[in-house]
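Source file: protein.csv (CSV, C-alpha atoms)
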```csv
chain,number,residue,atom,x,y,z
A,1,MET,CA,-8.1,-37.1,-84.5
A,2,THR,CA,-9.4,-34.5,-82.1
A,3,THR,CA,-12.4,-35.4,-80.0
A,4,PRO,CA,-15.2,-33.0,-80.7
A,5,MET,CA,-16.1,-30.6,-77.9
A,6,THR,CA,-19.7,-30.7,-76.7
A,7,PRO,CA,-21.4,-27.4,-77.4
A,8,THR,CA,-22.6,-25.4,-74.5
A,9,THR,CA,-26.3,-25.7,-74.0
A,10,PRO,CA,-28.1,-22.4,-74.8
A,11,THR,CA,-29.2,-20.6,-71.7
A,12,THR,CA,-31.2,-17.5,-70.9
A,13,ALA,CA,-29.2,-16.8,-67.7
A,14,GLN,CA,-27.2,-13.6,-67.8
A,15,ALA,CA,-23.7,-13.4,-66.4
A,16,PRO,CA,-22.9,-10.3,-64.2
A,17,PRO,CA,-20.9,-7.6,-65.8
A,18,ALA,CA,-17.1,-8.0,-65.4
A,19,ASN,CA,-16.3,-4.3,-64.7
A,20,ALA,CA,-17.8,-1.1,-63.6
A,21,ALA,CA,-18.3,0.2,-67.1
A,22,ALA,CA,-20.3,-2.9,-68.0
A,23,SER,CA,-22.3,-2.5,-64.8
A,24,ALA,CA,-23.3,1.0,-65.8
A,25,ALA,CA,-24.3,-0.1,-69.3
A,26,TYR,CA,-26.5,-2.8,-67.9
A,27,ALA,CA,-28.1,-0.5,-65.3
A,28,ALA,CA,-29.0,2.2,-67.9
A,29,PRO,CA,-32.3,1.2,-69.5
A,30,ALA,CA,-31.8,3.5,-72.5
A,31,ALA,CA,-28.4,2.1,-73.4
A,32,THR,CA,-28.3,0.9,-77.0
A,33,PRO,CA,-27.1,-2.7,-77.8
A,34,GLN,CA,-24.0,-1.2,-79.4
A,35,ALA,CA,-23.2,0.8,-76.2
A,36,ARG,CA,-23.7,-2.2,-74.0
A,37,LEU,CA,-21.5,-4.4,-76.1
A,38,ALA,CA,-18.8,-1.7,-76.3
A,39,ALA,CA,-18.8,-1.4,-72.6
A,40,GLU,CA,-18.3,-5.1,-72.2
A,41,ASN,CA,-15.7,-5.2,-75.0
A,42,ILE,CA,-17.9,-7.5,-77.0
A,43,PRO,CA,-17.7,-7.1,-80.8
A,44,TYR,CA,-21.1,-6.0,-82.2
A,45,HIS,CA,-22.3,-7.5,-85.4
A,46,SER,CA,-21.2,-5.8,-88.6
A,47,GLY,CA,-23.3,-4.3,-91.4
A,48,ALA,CA,-26.8,-5.4,-92.3
A,49,ASP,CA,-25.9,-5.5,-96.0
A,50,ARG,CA,-23.0,-7.9,-95.4
A,51,ILE,CA,-25.2,-10.2,-93.3
A,52,ARG,CA,-28.0,-10.2,-95.9
A,53,ARG,CA,-25.7,-10.9,-98.8
A,54,GLN,CA,-23.8,-13.7,-96.9
A,55,LEU,CA,-27.1,-15.4,-96.0
A,56,ALA,CA,-28.0,-15.3,-99.7
A,57,LEU,CA,-24.8,-17.1,-100.4
A,58,ILE,CA,-25.3,-19.8,-97.7
A,59,ARG,CA,-29.0,-20.4,-98.4
A,60,PRO,CA,-28.6,-22.4,-101.6
A,61,VAL,CA,-26.0,-24.6,-99.9
A,62,VAL,CA,-28.4,-25.6,-97.1
A,63,GLU,CA,-31.9,-25.5,-98.5
A,64,HIS,CA,-31.7,-28.7,-100.5
A,65,THR,CA,-29.6,-30.8,-98.1
A,66,VAL,CA,-30.6,-34.3,-97.4
A,67,LYS,CA,-28.3,-35.0,-94.4
A,68,PRO,CA,-27.7,-33.3,-91.0
A,69,LEU,CA,-25.3,-30.4,-91.4
A,70,THR,CA,-22.7,-29.0,-89.0
A,71,VAL,CA,-22.1,-25.3,-89.4
A,72,LEU,CA,-19.3,-23.6,-87.4
A,73,ASP,CA,-19.2,-19.8,-87.1
A,74,LEU,CA,-15.6,-19.1,-86.1
A,75,GLY,CA,-15.2,-15.8,-84.3
A,76,CYS,CA,-19.0,-15.5,-83.8
A,77,GLY,CA,-18.9,-12.6,-81.4
A,78,ASP,CA,-22.3,-11.8,-79.9
A,79,GLY,CA,-23.9,-14.5,-82.1
A,80,TYR,CA,-26.2,-12.1,-84.1
A,81,ALA,CA,-25.1,-13.4,-87.5
A,82,THR,CA,-24.9,-17.0,-86.2
A,83,ALA,CA,-28.5,-16.9,-85.1
A,84,ARG,CA,-29.5,-15.5,-88.5
A,85,ILE,CA,-27.8,-18.4,-90.1
A,86,ALA,CA,-29.5,-20.9,-87.8
A,87,GLN,CA,-32.9,-19.4,-88.9
A,88,LEU,CA,-32.3,-20.2,-92.6
A,89,PRO,CA,-35.2,-22.5,-93.7
A,90,GLY,CA,-32.8,-25.4,-94.6
A,91,LEU,CA,-31.3,-25.4,-91.1
A,92,ALA,CA,-34.3,-24.4,-89.0
A,93,ALA,CA,-36.5,-27.1,-90.5
A,94,SER,CA,-34.7,-29.9,-88.6
A,95,PRO,CA,-33.2,-30.2,-85.1
A,96,SER,CA,-30.6,-32.6,-86.5
A,97,HIS,CA,-28.6,-29.7,-87.9
A,98,ARG,CA,-26.0,-28.1,-85.7
A,99,VAL,CA,-25.0,-24.4,-85.9
A,100,ILE,CA,-22.2,-23.7,-83.4
A,101,GLY,CA,-20.7,-20.3,-82.5
A,102,VAL,CA,-17.0,-20.3,-81.6
A,103,ASP,CA,-15.3,-17.4,-79.9
A,104,ARG,CA,-12.6,-16.8,-77.3
A,105,SER,CA,-14.7,-14.2,-75.3
A,106,GLU,CA,-16.9,-15.8,-72.7
A,107,ALA,CA,-18.8,-12.5,-72.4
A,108,ALA,CA,-19.5,-12.6,-76.2
A,109,LEU,CA,-20.6,-16.3,-76.0
A,110,GLU,CA,-23.0,-15.4,-73.2
A,111,ARG,CA,-24.7,-13.0,-75.5
A,112,ALA,CA,-24.7,-15.6,-78.2
A,113,ARG,CA,-26.3,-18.1,-75.9
A,114,GLU,CA,-29.0,-15.6,-75.1
A,115,ARG,CA,-29.9,-15.7,-78.8
A,116,GLY,CA,-30.2,-19.5,-78.6
A,117,VAL,CA,-26.9,-20.2,-80.2
A,118,GLN,CA,-24.9,-23.3,-79.2
A,119,THR,CA,-21.4,-22.3,-78.3
A,120,VAL,CA,-17.8,-23.5,-77.9
A,121,ARG,CA,-15.1,-21.4,-76.4
A,122,SER,CA,-11.9,-21.5,-78.4
A,123,SER,CA,-9.5,-19.1,-80.2
A,124,LEU,CA,-8.3,-19.3,-83.8
A,125,ASP,CA,-5.0,-17.8,-82.5
A,126,ALA,CA,-4.6,-20.7,-80.0
A,127,GLY,CA,-3.8,-23.4,-82.6
A,128,ARG,CA,-6.0,-26.5,-83.1
A,129,LEU,CA,-9.7,-26.1,-82.7
A,130,PRO,CA,-11.7,-28.6,-80.6
A,131,PHE,CA,-13.3,-30.3,-83.6
A,132,ALA,CA,-12.5,-33.4,-85.5
A,133,ASP,CA,-11.1,-33.6,-89.0
A,134,GLY,CA,-13.9,-33.3,-91.5
A,135,GLU,CA,-16.5,-32.7,-88.8
A,136,ALA,CA,-18.0,-29.5,-90.4
A,137,ASP,CA,-20.0,-29.1,-93.6
A,138,ILE,CA,-19.9,-25.3,-93.5
A,139,VAL,CA,-17.4,-22.9,-91.8
A,140,VAL,CA,-18.2,-19.2,-91.5
A,141,MET,CA,-15.5,-16.6,-90.7
A,142,ASN,CA,-17.1,-13.2,-90.5
A,143,GLU,CA,-14.9,-10.1,-89.9
A,144,ILE,CA,-12.3,-12.2,-88.1
A,145,VAL,CA,-9.3,-12.9,-90.4
A,146,GLN,CA,-8.1,-9.2,-90.2
A,147,HIS,CA,-7.8,-9.5,-86.4
A,148,LEU,CA,-5.7,-12.7,-86.3
A,149,ALA,CA,-2.0,-13.0,-85.7
A,150,ASP,CA,-1.8,-15.8,-88.4
A,151,PRO,CA,-4.7,-15.8,-90.9
A,152,GLY,CA,-3.0,-18.6,-92.8
A,153,ALA,CA,-3.0,-20.9,-89.8
A,154,ALA,CA,-6.7,-20.1,-89.2
A,155,VAL,CA,-7.5,-20.9,-92.9
A,156,ALA,CA,-5.6,-24.2,-92.5
A,157,GLU,CA,-7.8,-25.0,-89.4
A,158,ALA,CA,-10.9,-24.3,-91.4
A,159,TYR,CA,-9.7,-26.6,-94.1
A,160,ARG,CA,-8.9,-29.4,-91.6
A,161,VAL,CA,-12.3,-29.3,-89.9
A,162,LEU,CA,-14.2,-29.2,-93.2
A,163,ARG,CA,-15.3,-32.4,-94.9
A,164,PRO,CA,-14.2,-33.0,-98.6
A,165,GLY,CA,-16.4,-30.7,-100.7
A,166,GLY,CA,-17.2,-28.5,-97.7
A,167,HIS,CA,-17.9,-24.8,-97.9
A,168,LEU,CA,-16.0,-21.8,-96.4
A,169,PHE,CA,-17.6,-18.4,-96.2
A,170,VAL,CA,-15.3,-15.4,-95.3
A,171,SER,CA,-16.0,-11.7,-95.0
A,172,THR,CA,-13.4,-9.0,-94.3
A,173,PRO,CA,-13.0,-5.3,-95.0
A,174,ASN,CA,-11.4,-4.4,-98.4
A,175,LEU,CA,-8.2,-2.5,-98.2
A,176,ALA,CA,-8.7,-1.4,-101.8
A,177,ALA,CA,-12.3,-0.2,-101.2
A,178,TRP,CA,-13.3,2.7,-103.4
A,179,PHE,CA,-13.1,5.2,-100.5
A,180,ASN,CA,-9.7,4.0,-99.5
A,181,ARG,CA,-8.4,4.6,-103.0
A,182,LEU,CA,-9.7,8.2,-102.7
A,183,ARG,CA,-8.2,8.6,-99.2
A,184,LEU,CA,-4.8,7.4,-100.4
A,185,LEU,CA,-4.9,9.9,-103.3
A,186,ALA,CA,-5.6,12.6,-100.7
A,187,GLY,CA,-2.8,11.4,-98.5
A,188,VAL,CA,-5.2,10.1,-95.8
A,189,GLN,CA,-4.8,6.9,-93.8
A,190,PRO,CA,-7.0,4.1,-95.3
A,191,ALA,CA,-10.2,3.2,-93.4
A,192,PHE,CA,-10.1,-0.1,-91.5
A,193,SER,CA,-6.4,0.2,-90.9
A,194,GLU,CA,-5.0,0.5,-87.4
A,195,VAL,CA,-2.2,3.0,-86.6
A,196,ALA,CA,-2.3,2.7,-82.8
A,197,PRO,CA,-4.2,0.6,-80.2
A,198,SER,CA,-6.5,3.7,-79.7
A,199,GLY,CA,-7.7,3.5,-83.3
A,200,VAL,CA,-7.3,5.4,-86.6
A,201,PRO,CA,-8.6,9.0,-87.1
A,202,GLY,CA,-11.2,10.0,-89.6
A,203,PRO,CA,-14.3,8.5,-91.3
A,204,PRO,CA,-15.6,6.2,-92.5
A,205,ASP,CA,-14.4,4.0,-89.7
A,206,ASP,CA,-13.5,5.5,-86.4
A,207,ASN,CA,-13.1,2.2,-84.5
A,208,ALA,CA,-10.5,0.3,-86.5
A,209,VAL,CA,-8.8,-1.2,-83.5
A,210,GLY,CA,-7.2,-4.6,-83.7
A,211,ARG,CA,-7.2,-4.9,-87.5
A,212,PRO,CA,-3.5,-5.4,-88.2
A,213,ARG,CA,-4.0,-7.4,-91.4
A,214,LEU,CA,-6.1,-6.1,-94.3
A,215,PHE,CA,-6.8,-7.8,-97.6
A,216,THR,CA,-7.5,-6.8,-101.2
A,217,ARG,CA,-9.6,-9.1,-103.4
A,218,ARG,CA,-6.5,-10.6,-104.9
A,219,ALA,CA,-4.8,-11.2,-101.5
A,220,LEU,CA,-7.9,-12.8,-100.0
A,221,VAL,CA,-8.2,-15.3,-102.9
A,222,GLU,CA,-4.5,-16.1,-102.7
A,223,LEU,CA,-4.8,-16.7,-98.9
A,224,LEU,CA,-7.6,-19.2,-99.5
A,225,THR,CA,-6.1,-21.0,-102.5
A,226,SER,CA,-2.7,-21.3,-100.7
A,227,GLY,CA,-4.6,-23.0,-97.9
A,228,GLY,CA,-6.0,-25.6,-100.3
A,229,PHE,CA,-9.4,-24.2,-101.1
A,230,ARG,CA,-10.8,-24.3,-104.6
A,231,ALA,CA,-13.6,-22.6,-106.6
A,232,VAL,CA,-13.0,-19.3,-104.7
A,233,ARG,CA,-15.6,-16.7,-105.6
A,234,VAL,CA,-15.6,-13.2,-104.2
A,235,THR,CA,-18.5,-10.8,-104.2
A,236,GLY,CA,-18.9,-7.4,-102.5
A,237,ALA,CA,-21.0,-5.8,-99.8
A,238,ALA,CA,-21.7,-2.3,-98.5
A,239,SER,CA,-20.5,-0.9,-95.2
A,240,ASP,CA,-22.7,0.8,-92.6
A,241,ALA,CA,-19.7,2.9,-91.6
A,242,VAL,CA,-19.8,4.9,-94.9
A,243,PRO,CA,-21.3,8.4,-94.3
A,244,ALA,CA,-24.8,8.9,-95.7
A,245,PRO,CA,-23.7,10.9,-98.8
A,246,GLY,CA,-21.5,8.1,-100.0
A,247,ARG,CA,-23.9,5.2,-99.4
A,248,PRO,CA,-25.6,5.2,-102.9
A,249,LEU,CA,-22.1,4.9,-104.5
A,250,ASP,CA,-21.1,2.3,-101.9
A,251,ARG,CA,-24.1,0.1,-102.8
A,252,LEU,CA,-23.5,0.5,-106.5
A,253,LEU,CA,-19.9,-0.6,-106.2
A,254,THR,CA,-20.8,-3.8,-104.5
A,255,ARG,CA,-21.1,-5.0,-108.2
A,256,VAL,CA,-17.3,-4.5,-108.4
A,257,PRO,CA,-15.9,-6.7,-105.7
A,258,SER,CA,-12.3,-5.4,-106.0
A,259,ALA,CA,-13.6,-1.9,-105.1
A,260,ALA,CA,-16.4,-2.9,-102.7
A,261,ALA,CA,-16.3,-1.9,-99.0
A,262,ILE,CA,-16.5,-5.5,-97.8
A,263,LEU,CA,-15.2,-8.7,-99.4
A,264,LEU,CA,-17.4,-11.8,-99.3
A,265,ALA,CA,-15.6,-15.0,-100.3
A,266,HIS,CA,-17.1,-18.5,-100.9
A,267,ALA,CA,-14.6,-21.3,-101.3
A,268,ARG,CA,-14.7,-25.1,-101.2
A,269,THR,CA,-12.4,-27.9,-100.2
A,270,PRO,CA,-11.5,-30.4,-102.9
A,271,ALA,CA,-14.1,-33.2,-103.2
A,272,ARG,CA,-11.4,-35.7,-102.3
A,273,PHE,CA,-8.2,-35.0,-100.5
A,274,SER,CA,-5.9,-36.7,-98.0
A,275,ARG,CA,-5.0,-35.4,-94.6
A,276,ARG,CA,-1.9,-35.5,-92.5
A,277,THR,CA,-1.5,-33.9,-89.1
A,278,PRO,CA,0.7,-30.8,-89.0
A,279,GLU,CA,3.0,-32.6,-86.6
A,280,ALA,CA,3.5,-35.5,-89.0
A,281,ALA,CA,4.1,-33.1,-91.9
A,282,GLY,CA,6.8,-31.1,-90.1
A,283,GLY,CA,4.8,-28.6,-88.1
A,284,ALA,CA,3.6,-26.2,-90.9
A,285,PRO,CA,-0.1,-25.3,-90.6
A,286,ASN,CA,-1.0,-26.6,-94.0
A,287,ALA,CA,1.9,-29.0,-94.7
A,288,GLY,CA,1.2,-32.4,-96.0
A,289,ARG,CA,-2.2,-31.5,-97.5
A,290,ARG,CA,-2.6,-32.4,-101.2
A,291,GLY,CA,-5.5,-31.7,-103.4
A,292,PRO,CA,-6.1,-31.2,-107.1
A,293,GLY,CA,-4.0,-28.5,-108.8
A,294,THR,CA,-1.3,-26.5,-107.0
A,295,PRO,CA,-0.5,-28.0,-103.6
A,296,PRO,CA,-1.3,-25.9,-100.5
A,297,GLY,CA,1.6,-23.6,-99.6
A,298,SER,CA,3.1,-23.7,-103.1
A,299,ARG,CA,4.5,-20.5,-104.5
A,300,ARG,CA,2.8,-21.4,-107.8
A,301,THR,CA,-0.5,-20.0,-106.8
A,302,ALA,CA,-2.6,-19.0,-109.8
A,303,ALA,CA,-2.7,-15.3,-110.5
A,304,VAL,CA,-6.0,-13.7,-109.7
A,305,PRO,CA,-7.0,-10.4,-111.3
A,306,ALA,CA,-7.6,-7.4,-109.0
```
Rendering of file as structure tokens:
Amino acid sequence: MTTPMTPTTPTTAQAPPANAAASAAYAAPAATPQARLAAENIPYHSGADRIRRQLALIRPVVEHTVKPLTVLDLGCGDGYATARIAQLPGLAASPSHRVIGVDRSEAALERARERGVQTVRSSLDAGRLPFADGEADIVVMNEIVQHLADPGAAVAEAYRVLRPGGHLFVSTPNLAAWFNRLRLLAGVQPAFSEVAPSGVPGPPDDNAVGRPRLFTRRALVELLTSGGFRAVRVTGAASDAVPAPGRPLDRLLTRVPSAAAILLAHARTPARFSRRTPEAAGGAPNAGRRGPGTPPGSRRTAAVPA
């Protein structure tokens, strides 16, 4: 069992910029938060609609809790969404709850700490997270799975650190979003997809750098169920990157998750399951895990309609 890492104590101290571009951004009083974060290579928080809808999914889980909760935000970035989660009434009401932001970027974690977020520096691409088996009640993975070298291994780690009956919340851009279907019909590269390290041309997303893996609703559900999760429910959210003329339609199509701009998934671990370490099970990320129904990693994953 891994010894839990002590979260970094929140601080208001500000680290000096790491490069000249960042120094210029800090020196300019009129610089927007987005511009400063871009100069520092720190991911800015994604759309307001996605955050609002995800908070609405998390709120019922935490508002009636009778025990201290541990919430891990994996890939927390600048901590904007993490701080919003920590402010939910069910979590803010008691100091016994823990909301911890996890990211590989120290610059991003510095910004998160400025927001009062407890932090741990770690990477989902680096293997085992510094948390014990079953330590967390809730794991959040916002806009991160599309950036990972091995999303399946990251889902397996989320499964490991969650207690039986724990909750996983995932958000990611939808490859089959309504506007991507239109773009493909027109012979245009889908939004959110990366064709080169410098990005992808054209609206509605001009900054799709580092997104090598994209998901449809079906693919996201299959990723989670193959990792052992059950009761996977997917809803939709709108994207701030959609140009203004298309936003009414984008908001309307959040009611059709398979065509929505952003996918929001809520899944749970089985109420009871046994654990074996990956090493003992032969090294596979989710090997040795057994829960009700189809074993994790089985090819007999239940079909999910698009």
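What separates atom CA of Leu88 of chain A from atom CA of Phe169 of chain A is a distance of 15.2 Å.
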Can you write out as a tab-separated table which residues of segment 127-222 of chain A fall within 10 Å of segment 60-81 of chain A, alongside each residue's closest atom pair and its distance in Å to one decimal, counting all atoms listed in the file and ordering rows by chain and ascending residue number?
```
residue	atom	partner	partner_atom	distance
A:Leu129	CA	A:Leu74	CA	9.8
A:Phe131	CA	A:Leu72	CA	9.8
A:Glu135	CA	A:Thr70	CA	7.2
A:Ala136	CA	A:Thr70	CA	4.9
A:Asp137	CA	A:Thr70	CA	5.3
A:Ile138	CA	A:Val71	CA	4.7
A:Val139	CA	A:Leu72	CA	4.8
A:Val140	CA	A:Asp73	CA	4.6
A:Met141	CA	A:Leu74	CA	5.2
A:Asn142	CA	A:Gly75	CA	7.0
A:Glu143	CA	A:Gly75	CA	8.0
A:Ile144	CA	A:Gly75	CA	6.0
A:Val145	CA	A:Gly75	CA	9.0
A:His147	CA	A:Gly75	CA	9.9
A:Ala154	CA	A:Leu74	CA	9.5
A:Ala158	CA	A:Leu74	CA	8.8
A:Val161	CA	A:Leu72	CA	9.4
A:Leu162	CA	A:Thr70	CA	9.5
A:Gly166	CA	A:Val61	CA	9.9
A:His167	CA	A:Val61	CA	8.3
A:Leu168	CA	A:Leu72	CA	9.8
A:Phe169	CA	A:Asp73	CA	9.3
A:Val170	CA	A:Leu74	CA	9.9
```
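Note that atom CA of Pro151 of chain A and atom CA of Arg230 of chain A are 17.2 Å apart.
Comparing the minimum interatomic distances between Arg53 of chain A and each of A:Gly236, A:Pro248, A:Pro89, A:Pro257, counting only C-alpha atoms, we find that A:Gly236 sits nearest.
Here the question is which of A:Pro245, A:Pro173, A:Pro190, A:Gly227 gets nearest to Arg50 of chain A using all atoms listed in the file, and that residue is A:Pro173.
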Grab the atom CA of His266 of chain A to atom CA of Val234 of chain A distance for me, in Å with one decimal place.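 Computed distance, atom CA of His266 of chain A to atom CA of Val234 of chain A, equals 6.4 Å.
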